[in-house]
Amino acid sequence: MEGKSYSDVYEADEATSSVTKDSLSYSELSHSTRKLSSVLGEFKKNKIMESSPIRKAVESLETELKKAKALVASPRYASSPCKRIEEITENLGRSIGLVLFASHDVSMHGKEKLEVLRRELMSVGQFSAASSDSKSDFLDDVVTEENDDDIVEEIIEVEKEFSCSTVEDIVLYLKCGNDEQLKVALFALNTLICDDKVSCEWVDTEGVIPILFSRLNSTNSVNRLSIIKNLRIIIAQNNEIKGKMAEVDFLSALVKSLTRDADEQREAVGLLSTLSDVSAVRRRIGRIQGCIVMLVAISNGEDQTASHDAGKLLAALSSSTQNALHMAEAGYFKPLIKYLTEGSDMSKVLMATAISRMELSDETRASIGEDGAIPPLVKMFKEGKLEAKLSSLSALQNLSTLKENTKRLIKSGIVPSLLQLLFSVTSVLMTLREPASAILARIAKSDDMLVNHDIALQMFSLLNLSSPIIQIHLLEALNSIVSQPRASKVRRKMKENGSIQLLLPFLTEQNPKIRIGAFNFIYTLSKELSDELMEQLGETHIHTIVNVLSSSTSEDEKAIAAGILCNIPVNDKKATDLLKKANLLPILVSIMNSKQAGSTTPLSSQLIENIAGVLIRFTITSNVKLQLYAGEHRVIPVLVKILSDGPIIAKCRAATSLAQLSKNCLNLRKSKKSTWLCVPPSAEAFCEVHNGYCFVKSTFCLVKSGAVSPLIKILEGDEREADEAVLEALSTLLDDGIWENGCGFLEKKEGIEAVIKVVESGSVKTREKAVWILERVFRVKEYRAKYEAMAQVVLIDLAQNGEAQLKPTVAKLLAQLELLQAQSDYF
């Protein structure tokens, strides 16, 4: 079409569509011009006509209207009348569009009528709805992106210029025009394409596609959006032209548009999706840096149109395994999983290897598991060759750190296959044993493993036959299994099979992970061994455990060692003598004194709890010599410290030790009247509760040790686990002979309210002990008057709704408060 003017193009079109043009009539045009004159007259009365862009647009419309009226008035002078009617009608429609465009952001009377007329003229001129919509889209783009009145004026001026210019001028503006000229040229190109005024051959001959792609990298956002829309319209007119857009530079330019604003991104991904029918396009897009990452992001975005097109494009690109891997790296795993399920053996290995090497978040692991990756990976492991087994196991190892995936693994039936592999002595399979044992360790954290009670025994039998890494994984798995609450049957079988004896050699293992794993296993089993434990451990291994407490640098290992010793029954005198001989007590005190006050890390809590449990052994009431030994080694300050800042279980155990010590305090006190004392104690040593001289180390006095306030504070707190032990300790201050002094001291420390609180919310045993304490407190008239109102509501409720075994005791207390008659049915 080189060298042809618009009129040449129109004549060519006329030759191919004479039948349509014969249908046009002067009467239709005449009717439309009359209506337009009327509407335009109303439109011009509006003050907004003072705006220069609107005024110029209206003037342009009036010029076209005069031409239309002249044609209607003198039809006989027109050559090719049908051709002339079409031209006039098209120009009128375009001019109305410019008026509407110029006034897009204002509300004006008459705009709706103009729009109706524009559509009528389109019908008269036989314009296609698709063409008109496409041109309207272009105007909308300009309106949305730029509200510059000067642009409107320029469109009007350039429209006039192009109405008598050649298509070569349009191409020139597309190629070399500035941004404003390019904007109008793109509008003109859109009009030519939508109105079928140019052919695809012309688009190809004039090099329009390379020109548009070249401008895509150098113009503004409004023009970029128009360029992409033009390209999509060109494809819509001729699908075969897609191949012309498959150049890698063109595609790279489109990929850049994926990173820009939402409208441009939507159009760009739509065009790329359309182009993906071409194999060369699919091959090249995946190689453009950042393309797949952007497509994945768009597919996950909120724009439904863009998301749909991005998903469609990703599906097309996934025909390449390399693209599927890139998608997985970007967090889009569906193509990868499809290859795992349906791909060739080689592609399955490729995908499994990729999963094994990726750094995955738990969210991503969950996504991969939910999308169905685990069943095909398990199938690869069970049925595949060596390479497939190794890659699938490595992938499953990476996925198995997530609890949800371990359940999927168990459901897939992988456990027997893993055990079979671990028992295998085939040399070629030895490399698979480490990942297999690692997966077992992860799976064992699920209580679903308890379905088969023999699994733990099978794993245990492998311990001495395995390498250190596998031993670590097996011990981790076994510890997970036996520590579960529902695993009592497994633990019993372990004990019956002499598991502790087989584990003891591991306590001196140089590898710390193996050693700690063995300690942990013994600790879990020791909770249920009771009197058998000392016999199972033996003197040698008792010394080994104590040595860990004195020399290990691992707080975890120390905590477990103390836990094992804590589980030896306190009434085992042989064990106590052995631990005393091993110098355990000074070691424990040293550890506690080195602790930072207020430490709340999990390991510290476990260590403190277990040390507090061991100290109960050295404070039993029946062995005063042992208590004195504990006192000399400053155990009581350690116990008081635990009361203040230890975890609640440790507080309970410390209170138990203090109660045991305090029970002997009354007998050990130095009487105020003693005459055999060479040097009388200082006044500070006198105890107002025990009515004598008390000392922390030798009489174990709660008052002098400062233990009463932290004991009361525990009762005031929200945790109830230590209440019984605390009340037991406080009750030692209310024994016969000193109860009045004890009640006074308890009231002085504001402890009576705390005891009443326990009556309201404690367990049966703690309520029973609290009521016992209140019975002694309310013997004193002064305290009865002060606390009666506070206690009576709680006591009455307990009498009516409490446990049966408490009602008689509570009734007596209510009678003491004169709230219940002595002959009541409660007695």
# chains A, B, ... in the order shown; residues from 1 in each chain; ligands from 1
call {"tool": "residues_around", "arguments": {"residues": "Ile374 (chain A)", "least_positions_apart": "6", "cutoff": "8 Å", "atoms": "only C-alpha atoms", "output": "PDB file with N, CA and C atoms, in the first residue's frame"}}
result
ATOM      1  N   LEU A 396      11.656 -36.205  50.148  1.00  0.00           N
ATOM      2  CA  LEU A 396      10.774 -36.478  51.286  1.00  0.00           C
ATOM      3  C   LEU A 396      11.416 -36.032  52.603  1.00  0.00           C
ATOM      4  N   ASN A 405       2.927 -33.095  56.848  1.00  0.00           N
ATOM      5  CA  ASN A 405       3.496 -33.988  55.830  1.00  0.00           C
ATOM      6  C   ASN A 405       3.877 -35.346  56.410  1.00  0.00           C
ATOM      7  N   ARG A 408       0.952 -37.462  56.189  1.00  0.00           N
ATOM      8  CA  ARG A 408       0.744 -37.934  54.807  1.00  0.00           C
ATOM      9  C   ARG A 408       1.701 -39.080  54.486  1.00  0.00           C
ATOM     10  N   LEU A 409       2.915 -39.002  55.019  1.00  0.00           N
ATOM     11  CA  LEU A 409       3.895 -40.067  54.788  1.00  0.00           C
ATOM     12  C   LEU A 409       3.450 -41.376  55.431  1.00  0.00           C
ATOM     13  N   SER A 412       0.749 -42.903  53.493  1.00  0.00           N
ATOM     14  CA  SER A 412       1.192 -43.465  52.213  1.00  0.00           C
ATOM     15  C   SER A 412       1.775 -44.865  52.362  1.00  0.00           C
TER      16      SER A 412
END
call {"tool": "closest_residue", "arguments": {"among": "A:Asn583, A:Thr364, A:Gln606, A:Gln800", "to": "Leu402 (chain A)", "atoms": "only C-alpha atoms"}}
result
A:Thr364
call {"tool": "atom_distance", "arguments": {"atom1": "CA of Gly517 (chain A)", "atom2": "CA of Gly498 (chain A)"}}
result
17.1 Å
call {"tool": "residues_around", "arguments": {"residues": "region 647-664 of chain A", "least_positions_apart": "6", "cutoff": "9 Å", "atoms": "only C-alpha atoms", "output": "compact mmCIF listing (two decimals) with all heavy atoms, in the first residue's frame"}}
result
# COMPACT_ATOMS: atom_id res chain seq x y z
N THR A 600 14.02 -18.19 82.34
CA THR A 600 12.78 -18.90 82.00
C THR A 600 12.89 -19.71 80.71
O THR A 600 11.87 -20.10 80.15
CB THR A 600 11.63 -17.89 81.85
OG1 THR A 600 11.99 -16.93 80.83
CG2 THR A 600 11.33 -17.17 83.15
N SER A 605 14.30 -24.37 82.85
CA SER A 605 13.15 -24.81 83.65
C SER A 605 13.25 -26.29 83.96
O SER A 605 13.03 -26.72 85.10
CB SER A 605 11.85 -24.52 82.89
OG SER A 605 11.67 -23.13 82.72
N GLN A 606 13.58 -27.09 82.93
CA GLN A 606 13.68 -28.53 83.15
C GLN A 606 14.80 -28.87 84.12
O GLN A 606 14.64 -29.74 84.99
CB GLN A 606 13.91 -29.24 81.81
CG GLN A 606 13.88 -30.76 81.93
CD GLN A 606 14.22 -31.47 80.64
OE1 GLN A 606 14.76 -30.87 79.72
NE2 GLN A 606 13.92 -32.76 80.58
N ILE A 608 16.06 -26.94 86.53
CA ILE A 608 15.68 -26.51 87.88
C ILE A 608 14.65 -27.47 88.48
O ILE A 608 14.73 -27.86 89.65
CB ILE A 608 15.12 -25.07 87.85
CG1 ILE A 608 16.22 -24.10 87.45
CG2 ILE A 608 14.57 -24.68 89.22
CD1 ILE A 608 15.71 -22.70 87.14
N GLU A 609 13.67 -27.87 87.67
CA GLU A 609 12.65 -28.80 88.16
C GLU A 609 13.28 -30.11 88.63
O GLU A 609 12.93 -30.63 89.70
CB GLU A 609 11.64 -29.10 87.04
CG GLU A 609 10.70 -27.96 86.74
CD GLU A 609 9.83 -28.24 85.52
OE1 GLU A 609 9.94 -29.36 84.97
OE2 GLU A 609 9.06 -27.36 85.11
N ASN A 610 14.20 -30.64 87.84
CA ASN A 610 14.80 -31.94 88.18
C ASN A 610 15.75 -31.84 89.37
O ASN A 610 15.81 -32.75 90.19
CB ASN A 610 15.50 -32.52 86.96
CG ASN A 610 14.52 -32.96 85.88
OD1 ASN A 610 13.36 -33.24 86.17
ND2 ASN A 610 14.95 -33.00 84.64
N ILE A 611 16.49 -30.74 89.46
CA ILE A 611 17.36 -30.55 90.64
C ILE A 611 16.50 -30.43 91.89
O ILE A 611 16.81 -31.03 92.94
CB ILE A 611 18.25 -29.31 90.45
CG1 ILE A 611 19.34 -29.60 89.42
CG2 ILE A 611 18.86 -28.88 91.79
CD1 ILE A 611 20.24 -28.42 89.11
N ALA A 612 15.40 -29.68 91.81
CA ALA A 612 14.50 -29.55 92.96
C ALA A 612 13.94 -30.91 93.35
O ALA A 612 13.75 -31.21 94.55
CB ALA A 612 13.36 -28.59 92.63
N GLY A 613 13.71 -31.77 92.37
CA GLY A 613 13.22 -33.12 92.66
C GLY A 613 14.26 -33.96 93.37
O GLY A 613 13.94 -34.73 94.29
N LEU A 615 16.63 -32.82 95.33
CA LEU A 615 16.85 -32.27 96.68
C LEU A 615 15.84 -32.82 97.69
O LEU A 615 16.13 -32.84 98.90
CB LEU A 615 16.76 -30.74 96.64
CG LEU A 615 17.89 -30.04 95.86
CD1 LEU A 615 17.69 -28.53 95.87
CD2 LEU A 615 19.26 -30.41 96.43
N ILE A 616 14.69 -33.27 97.24
CA ILE A 616 13.71 -33.87 98.15
C ILE A 616 14.32 -35.06 98.87
O ILE A 616 14.05 -35.31 100.06
CB ILE A 616 12.44 -34.29 97.37
CG1 ILE A 616 11.70 -33.05 96.84
CG2 ILE A 616 11.51 -35.13 98.25
CD1 ILE A 616 10.52 -33.38 95.94
N ARG A 617 15.20 -35.81 98.17
CA ARG A 617 15.87 -36.98 98.74
C ARG A 617 16.71 -36.61 99.95
O ARG A 617 16.78 -37.38 100.94
CB ARG A 617 16.75 -37.61 97.66
CG ARG A 617 17.72 -38.67 98.16
CD ARG A 617 18.59 -39.18 97.03
NE ARG A 617 17.77 -39.75 95.97
CZ ARG A 617 17.24 -40.97 96.02
NH1 ARG A 617 17.45 -41.74 97.07
NH2 ARG A 617 16.51 -41.42 95.04
N PHE A 618 17.34 -35.43 99.88
CA PHE A 618 18.28 -35.02 100.95
C PHE A 618 17.59 -34.25 102.07
O PHE A 618 18.26 -33.79 102.99
CB PHE A 618 19.40 -34.17 100.37
CG PHE A 618 20.32 -34.93 99.45
CD1 PHE A 618 20.09 -34.95 98.07
CD2 PHE A 618 21.39 -35.64 99.96
CE1 PHE A 618 20.93 -35.65 97.22
CE2 PHE A 618 22.25 -36.34 99.12
CZ PHE A 618 22.00 -36.36 97.75
N THR A 619 16.26 -34.13 102.03
CA THR A 619 15.56 -33.36 103.07
C THR A 619 14.44 -34.16 103.74
O THR A 619 13.60 -33.59 104.43
CB THR A 619 14.94 -32.08 102.44
OG1 THR A 619 14.02 -32.47 101.40
CG2 THR A 619 16.01 -31.17 101.87
N ILE A 620 14.44 -35.47 103.55
CA ILE A 620 13.35 -36.27 104.11
C ILE A 620 13.34 -36.15 105.64
O ILE A 620 14.38 -36.14 106.30
CB ILE A 620 13.44 -37.75 103.70
CG1 ILE A 620 14.80 -38.35 104.07
CG2 ILE A 620 13.15 -37.90 102.21
CD1 ILE A 620 14.88 -39.84 103.79
N THR A 621 12.15 -36.04 106.22
CA THR A 621 11.98 -35.75 107.65
C THR A 621 12.56 -36.85 108.54
O THR A 621 13.06 -36.60 109.65
CB THR A 621 10.47 -35.57 107.95
OG1 THR A 621 9.95 -34.55 107.11
CG2 THR A 621 10.26 -35.18 109.41
N SER A 622 12.53 -38.07 108.07
CA SER A 622 12.95 -39.21 108.91
C SER A 622 14.46 -39.29 109.11
O SER A 622 14.93 -40.08 109.93
CB SER A 622 12.46 -40.52 108.29
OG SER A 622 13.00 -40.67 106.97
N VAL A 624 17.30 -36.90 110.13
CA VAL A 624 17.76 -35.57 110.57
C VAL A 624 19.22 -35.36 110.22
O VAL A 624 19.64 -34.26 109.85
CB VAL A 624 17.54 -35.41 112.09
CG1 VAL A 624 18.10 -34.08 112.58
CG2 VAL A 624 16.06 -35.54 112.45
N GLN A 627 19.35 -34.22 106.82
CA GLN A 627 18.88 -32.85 106.74
C GLN A 627 19.98 -31.87 107.18
O GLN A 627 20.17 -30.82 106.57
CB GLN A 627 17.63 -32.66 107.61
CG GLN A 627 16.37 -33.28 107.04
CD GLN A 627 15.14 -32.95 107.87
OE1 GLN A 627 15.24 -32.79 109.09
NE2 GLN A 627 13.99 -32.87 107.21
N ILE A 636 18.94 -24.84 101.86
CA ILE A 636 17.73 -24.05 102.12
C ILE A 636 17.70 -22.74 101.32
O ILE A 636 16.66 -22.42 100.73
CB ILE A 636 17.55 -23.82 103.64
CG1 ILE A 636 17.28 -25.17 104.33
CG2 ILE A 636 16.40 -22.84 103.91
CD1 ILE A 636 17.17 -25.10 105.83
N VAL A 638 18.91 -22.21 98.49
CA VAL A 638 18.61 -22.62 97.11
C VAL A 638 17.12 -22.88 96.96
O VAL A 638 16.49 -22.47 95.98
CB VAL A 638 19.43 -23.88 96.73
CG1 VAL A 638 18.91 -24.48 95.43
CG2 VAL A 638 20.90 -23.54 96.61
N LEU A 639 16.53 -23.57 97.95
CA LEU A 639 15.10 -23.86 97.90
C LEU A 639 14.27 -22.59 97.92
O LEU A 639 13.26 -22.47 97.20
CB LEU A 639 14.71 -24.76 99.06
CG LEU A 639 15.32 -26.17 99.06
CD1 LEU A 639 15.03 -26.89 100.38
CD2 LEU A 639 14.81 -27.00 97.89
N VAL A 640 14.67 -21.63 98.75
CA VAL A 640 13.94 -20.35 98.83
C VAL A 640 14.05 -19.59 97.51
O VAL A 640 13.10 -18.97 97.05
CB VAL A 640 14.46 -19.50 100.01
CG1 VAL A 640 13.80 -18.12 100.01
CG2 VAL A 640 14.20 -20.21 101.34
N THR A 699 18.38 -25.57 112.28
CA THR A 699 17.00 -25.85 112.74
C THR A 699 15.99 -25.78 111.59
O THR A 699 14.82 -26.09 111.78
CB THR A 699 16.57 -24.85 113.84
OG1 THR A 699 16.45 -23.54 113.28
CG2 THR A 699 17.56 -24.84 114.99
N PHE A 700 16.45 -25.32 110.43
CA PHE A 700 15.64 -25.31 109.20
C PHE A 700 14.37 -24.48 109.33
O PHE A 700 13.29 -24.85 108.86
CB PHE A 700 15.26 -26.74 108.77
CG PHE A 700 16.30 -27.77 109.07
CD1 PHE A 700 15.99 -28.94 109.75
CD2 PHE A 700 17.64 -27.57 108.67
CE1 PHE A 700 16.95 -29.89 110.03
CE2 PHE A 700 18.60 -28.55 108.94
CZ PHE A 700 18.26 -29.70 109.63
N CYS A 701 14.47 -23.35 110.02
CA CYS A 701 13.31 -22.51 110.31
C CYS A 701 12.83 -21.77 109.06
O CYS A 701 13.60 -21.05 108.41
CB CYS A 701 13.67 -21.50 111.40
SG CYS A 701 12.32 -20.37 111.81
N LEU A 702 11.54 -21.91 108.75
CA LEU A 702 10.95 -21.19 107.61
C LEU A 702 10.97 -19.69 107.83
O LEU A 702 11.13 -18.91 106.88
CB LEU A 702 9.50 -21.66 107.39
CG LEU A 702 9.26 -23.09 106.92
CD1 LEU A 702 7.77 -23.33 106.72
CD2 LEU A 702 10.01 -23.37 105.63
N ALA A 707 11.30 -17.89 103.95
CA ALA A 707 10.52 -18.69 102.99
C ALA A 707 9.03 -18.38 103.03
O ALA A 707 8.31 -18.69 102.07
CB ALA A 707 10.76 -20.17 103.26
N LEU A 711 6.22 -18.34 99.86
CA LEU A 711 5.21 -19.40 99.91
C LEU A 711 3.81 -18.80 99.75
O LEU A 711 2.97 -19.32 98.99
CB LEU A 711 5.31 -20.17 101.22
CG LEU A 711 6.49 -21.15 101.35
CD1 LEU A 711 6.63 -21.63 102.80
CD2 LEU A 711 6.34 -22.33 100.41
N ILE A 714 2.96 -17.67 96.22
CA ILE A 714 2.55 -18.76 95.32
C ILE A 714 1.05 -18.98 95.43
O ILE A 714 0.35 -19.16 94.42
CB ILE A 714 3.32 -20.06 95.64
CG1 ILE A 714 4.81 -19.88 95.30
CG2 ILE A 714 2.73 -21.24 94.87
CD1 ILE A 714 5.68 -21.03 95.79
N GLU A 719 -1.26 -20.00 89.31
CA GLU A 719 -0.92 -21.41 89.09
C GLU A 719 -1.20 -22.20 90.37
O GLU A 719 -0.80 -21.79 91.46
CB GLU A 719 0.55 -21.54 88.69
CG GLU A 719 0.86 -20.85 87.35
CD GLU A 719 2.34 -20.91 87.02
OE1 GLU A 719 3.13 -20.24 87.73
OE2 GLU A 719 2.71 -21.61 86.07
N ARG A 720 -1.86 -23.34 90.23
CA ARG A 720 -2.35 -24.08 91.39
C ARG A 720 -1.55 -25.35 91.68
O ARG A 720 -1.83 -26.03 92.66
CB ARG A 720 -3.82 -24.46 91.19
CG ARG A 720 -4.75 -23.29 90.89
CD ARG A 720 -5.33 -22.70 92.19
NE ARG A 720 -4.34 -22.15 93.07
CZ ARG A 720 -3.94 -20.86 93.05
NH1 ARG A 720 -4.45 -20.03 92.16
NH2 ARG A 720 -3.06 -20.42 93.91
N GLU A 721 -0.57 -25.70 90.85
CA GLU A 721 0.12 -26.98 91.00
C GLU A 721 0.87 -27.12 92.32
O GLU A 721 1.08 -28.23 92.81
CB GLU A 721 1.11 -27.19 89.85
CG GLU A 721 0.47 -27.41 88.50
CD GLU A 721 0.23 -26.11 87.73
OE1 GLU A 721 0.15 -25.05 88.38
OE2 GLU A 721 0.13 -26.17 86.51
N ALA A 722 1.32 -26.01 92.92
CA ALA A 722 2.16 -26.10 94.13
C ALA A 722 1.39 -25.86 95.41
O ALA A 722 1.97 -25.92 96.51
CB ALA A 722 3.31 -25.08 94.02
N ASP A 723 0.08 -25.61 95.32
CA ASP A 723 -0.69 -25.21 96.50
C ASP A 723 -0.60 -26.22 97.64
O ASP A 723 -0.41 -25.86 98.82
CB ASP A 723 -2.16 -25.01 96.13
CG ASP A 723 -2.38 -23.73 95.35
OD1 ASP A 723 -1.41 -22.96 95.18
OD2 ASP A 723 -3.51 -23.49 94.89
N GLU A 724 -0.75 -27.50 97.33
CA GLU A 724 -0.75 -28.52 98.38
C GLU A 724 0.56 -28.54 99.14
O GLU A 724 0.59 -28.58 100.39
CB GLU A 724 -1.04 -29.89 97.78
CG GLU A 724 -1.17 -30.99 98.83
CD GLU A 724 -1.43 -32.36 98.22
OE1 GLU A 724 -1.70 -32.44 97.00
OE2 GLU A 724 -1.36 -33.35 98.97
N ALA A 725 1.66 -28.49 98.40
CA ALA A 725 2.99 -28.51 99.04
C ALA A 725 3.21 -27.24 99.85
O ALA A 725 3.80 -27.28 100.95
CB ALA A 725 4.08 -28.66 97.98
N VAL A 726 2.75 -26.11 99.35
CA VAL A 726 2.91 -24.83 100.06
C VAL A 726 2.13 -24.86 101.37
O VAL A 726 2.63 -24.46 102.44
CB VAL A 726 2.45 -23.66 99.17
CG1 VAL A 726 2.33 -22.38 99.98
CG2 VAL A 726 3.42 -23.46 98.01
N LEU A 727 0.88 -25.29 101.31
CA LEU A 727 0.07 -25.36 102.53
C LEU A 727 0.65 -26.33 103.54
O LEU A 727 0.57 -26.11 104.77
CB LEU A 727 -1.36 -25.75 102.17
CG LEU A 727 -2.16 -24.70 101.38
CD1 LEU A 727 -3.47 -25.29 100.91
CD2 LEU A 727 -2.40 -23.46 102.22
N GLU A 728 1.23 -27.43 103.03
CA GLU A 728 1.88 -28.39 103.93
C GLU A 728 3.03 -27.71 104.67
O GLU A 728 3.22 -27.93 105.88
CB GLU A 728 2.39 -29.58 103.13
CG GLU A 728 3.00 -30.69 103.97
CD GLU A 728 1.99 -31.40 104.86
OE1 GLU A 728 0.79 -31.44 104.48
OE2 GLU A 728 2.39 -31.91 105.91
N ALA A 729 3.79 -26.89 103.96
CA ALA A 729 4.91 -26.18 104.59
C ALA A 729 4.41 -25.16 105.60
O ALA A 729 4.92 -25.08 106.72
CB ALA A 729 5.76 -25.51 103.51
N LEU A 730 3.40 -24.37 105.24
CA LEU A 730 2.87 -23.35 106.15
C LEU A 730 2.23 -23.98 107.38
O LEU A 730 2.27 -23.41 108.49
CB LEU A 730 1.85 -22.47 105.42
CG LEU A 730 2.40 -21.56 104.32
CD1 LEU A 730 1.28 -20.83 103.61
CD2 LEU A 730 3.40 -20.55 104.90
N SER A 731 1.64 -25.14 107.22
CA SER A 731 0.97 -25.79 108.35
C SER A 731 1.95 -26.20 109.45
O SER A 731 1.56 -26.39 110.60
CB SER A 731 0.19 -27.01 107.87
OG SER A 731 1.06 -28.04 107.42
N THR A 732 3.24 -26.34 109.09
CA THR A 732 4.23 -26.70 110.11
C THR A 732 4.43 -25.57 111.12
O THR A 732 5.00 -25.79 112.20
CB THR A 732 5.59 -27.05 109.48
OG1 THR A 732 6.09 -25.91 108.78
CG2 THR A 732 5.46 -28.22 108.52
N LEU A 733 3.98 -24.36 110.75
CA LEU A 733 4.07 -23.22 111.68
C LEU A 733 2.89 -23.18 112.64
O LEU A 733 2.84 -22.33 113.53
CB LEU A 733 4.13 -21.90 110.89
CG LEU A 733 5.29 -21.74 109.91
CD1 LEU A 733 5.17 -20.41 109.18
CD2 LEU A 733 6.63 -21.84 110.62
N ASP A 735 1.71 -26.05 114.28
CA ASP A 735 1.67 -27.27 115.09
C ASP A 735 1.29 -26.95 116.52
O ASP A 735 1.40 -25.80 116.99
CB ASP A 735 3.04 -27.97 115.07
CG ASP A 735 3.32 -28.64 113.74
OD1 ASP A 735 2.36 -28.93 113.01
OD2 ASP A 735 4.51 -28.84 113.41
call {"tool": "atom_distance", "arguments": {"atom1": "CA of Glu87 (chain A)", "atom2": "CA of Val152 (chain A)"}}
result
22.5 Å
call {"tool": "atom_distance", "arguments": {"atom1": "CA of Ile560 (chain A)", "atom2": "CA of Ala518 (chain A)"}}
result
10.0 Å
call {"tool": "closest_residue", "arguments": {"among": "A:Glu247, A:Glu788, A:Glu753, A:Glu557", "to": "Ser279 (chain A)", "atoms": "only C-alpha atoms"}}
result
A:Glu247
call {"tool": "closest_residue", "arguments": {"among": "A:Glu302, A:Glu359, A:Glu768, A:Glu818", "to": "Gln792 (chain A)", "atoms": "only C-alpha atoms"}}
result
A:Glu818
call {"tool": "closest_residue", "arguments": {"among": "A:Leu585, A:Ser361, A:Phe745, A:Gly802", "to": "Glu760 (chain A)", "atoms": "only C-alpha atoms"}}
result
A:Gly802
call {"tool": "closest_residue", "arguments": {"among": "A:Val771, A:Ser37, A:Tyr783, A:Leu565", "to": "Glu747 (chain A)", "atoms": "only C-alpha atoms"}}
result
A:Tyr783
call {"tool": "closest_residue", "arguments": {"among": "A:Asn567, A:His543, A:Ser499, A:Ser671", "to": "Lys581 (chain A)", "atoms": "only C-alpha atoms"}}
result
A:His543
call {"tool": "select_by_dssp", "arguments": {"residues": "region 595-674 of chain A", "states": "alpha helix (DSSP H)", "output": "PyMOL selection string"}}
result
chain A and resi 602-615+624-632+635-645+648-662+665-668
call {"tool": "residues_around", "arguments": {"residues": "Leu212 (chain A)", "least_positions_apart": "4", "cutoff": "9 Å", "atoms": "only C-alpha atoms", "output": "mmCIF file with N, CA, C and O atoms, in the first residue's frame"}}
result
data_model
loop_
_atom_site.group_PDB
_atom_site.id
_atom_site.type_symbol
_atom_site.label_atom_id
_atom_site.label_comp_id
_atom_site.auth_asym_id
_atom_site.auth_seq_id
_atom_site.Cartn_x
_atom_site.Cartn_y
_atom_site.Cartn_z
ATOM 1 N N LEU A 174 4.193 7.209 14.088
ATOM 2 C CA LEU A 174 4.413 6.039 14.948
ATOM 3 C C LEU A 174 5.893 5.813 15.175
ATOM 4 O O LEU A 174 6.336 5.482 16.282
ATOM 5 N N LYS A 175 6.658 6.029 14.150
ATOM 6 C CA LYS A 175 8.081 5.706 14.200
ATOM 7 C C LYS A 175 8.905 6.803 14.846
ATOM 8 O O LYS A 175 9.792 6.530 15.662
ATOM 9 N N GLY A 207 6.052 -2.503 8.336
ATOM 10 C CA GLY A 207 6.849 -2.798 9.541
ATOM 11 C C GLY A 207 6.224 -2.245 10.805
ATOM 12 O O GLY A 207 6.932 -1.811 11.723
ATOM 13 N N VAL A 208 4.879 -2.254 10.859
ATOM 14 C CA VAL A 208 4.178 -1.663 12.009
ATOM 15 C C VAL A 208 4.517 -2.388 13.311
ATOM 16 O O VAL A 208 4.720 -1.753 14.348
ATOM 17 N N LEU A 216 7.616 0.708 22.481
ATOM 18 C CA LEU A 216 7.193 0.205 23.785
ATOM 19 C C LEU A 216 8.252 0.441 24.855
ATOM 20 O O LEU A 216 7.950 0.590 26.037
ATOM 21 N N ARG A 224 2.233 3.199 26.010
ATOM 22 C CA ARG A 224 2.556 1.775 26.097
ATOM 23 C C ARG A 224 1.274 0.940 26.130
ATOM 24 O O ARG A 224 1.167 -0.092 25.468
ATOM 25 N N ILE A 227 -0.207 0.908 22.688
ATOM 26 C CA ILE A 227 0.566 0.035 21.796
ATOM 27 C C ILE A 227 0.166 -1.421 21.993
ATOM 28 O O ILE A 227 -0.092 -2.156 21.034
ATOM 29 N N ILE A 228 0.101 -1.855 23.252
ATOM 30 C CA ILE A 228 -0.224 -3.256 23.522
ATOM 31 C C ILE A 228 -1.643 -3.572 23.059
ATOM 32 O O ILE A 228 -1.902 -4.638 22.484
ATOM 33 N N ASN A 230 -3.214 -2.076 20.606
ATOM 34 C CA ASN A 230 -3.157 -2.152 19.149
ATOM 35 C C ASN A 230 -2.649 -3.509 18.684
ATOM 36 O O ASN A 230 -3.171 -4.103 17.738
ATOM 37 N N LEU A 231 -1.616 -3.996 19.379
ATOM 38 C CA LEU A 231 -1.062 -5.294 19.008
ATOM 39 C C LEU A 231 -2.086 -6.403 19.198
ATOM 40 O O LEU A 231 -2.183 -7.326 18.391
#
call {"tool": "residues_around", "arguments": {"residues": "region 438-446 of chain A", "least_positions_apart": "2", "cutoff": "9 Å", "atoms": "only C-alpha atoms", "output": "PyMOL selection string"}}
result
chain A and resi 393+396-398+400-403+405-407+409-410+415+418-419+433-436+448-450+469-470+472-481+484
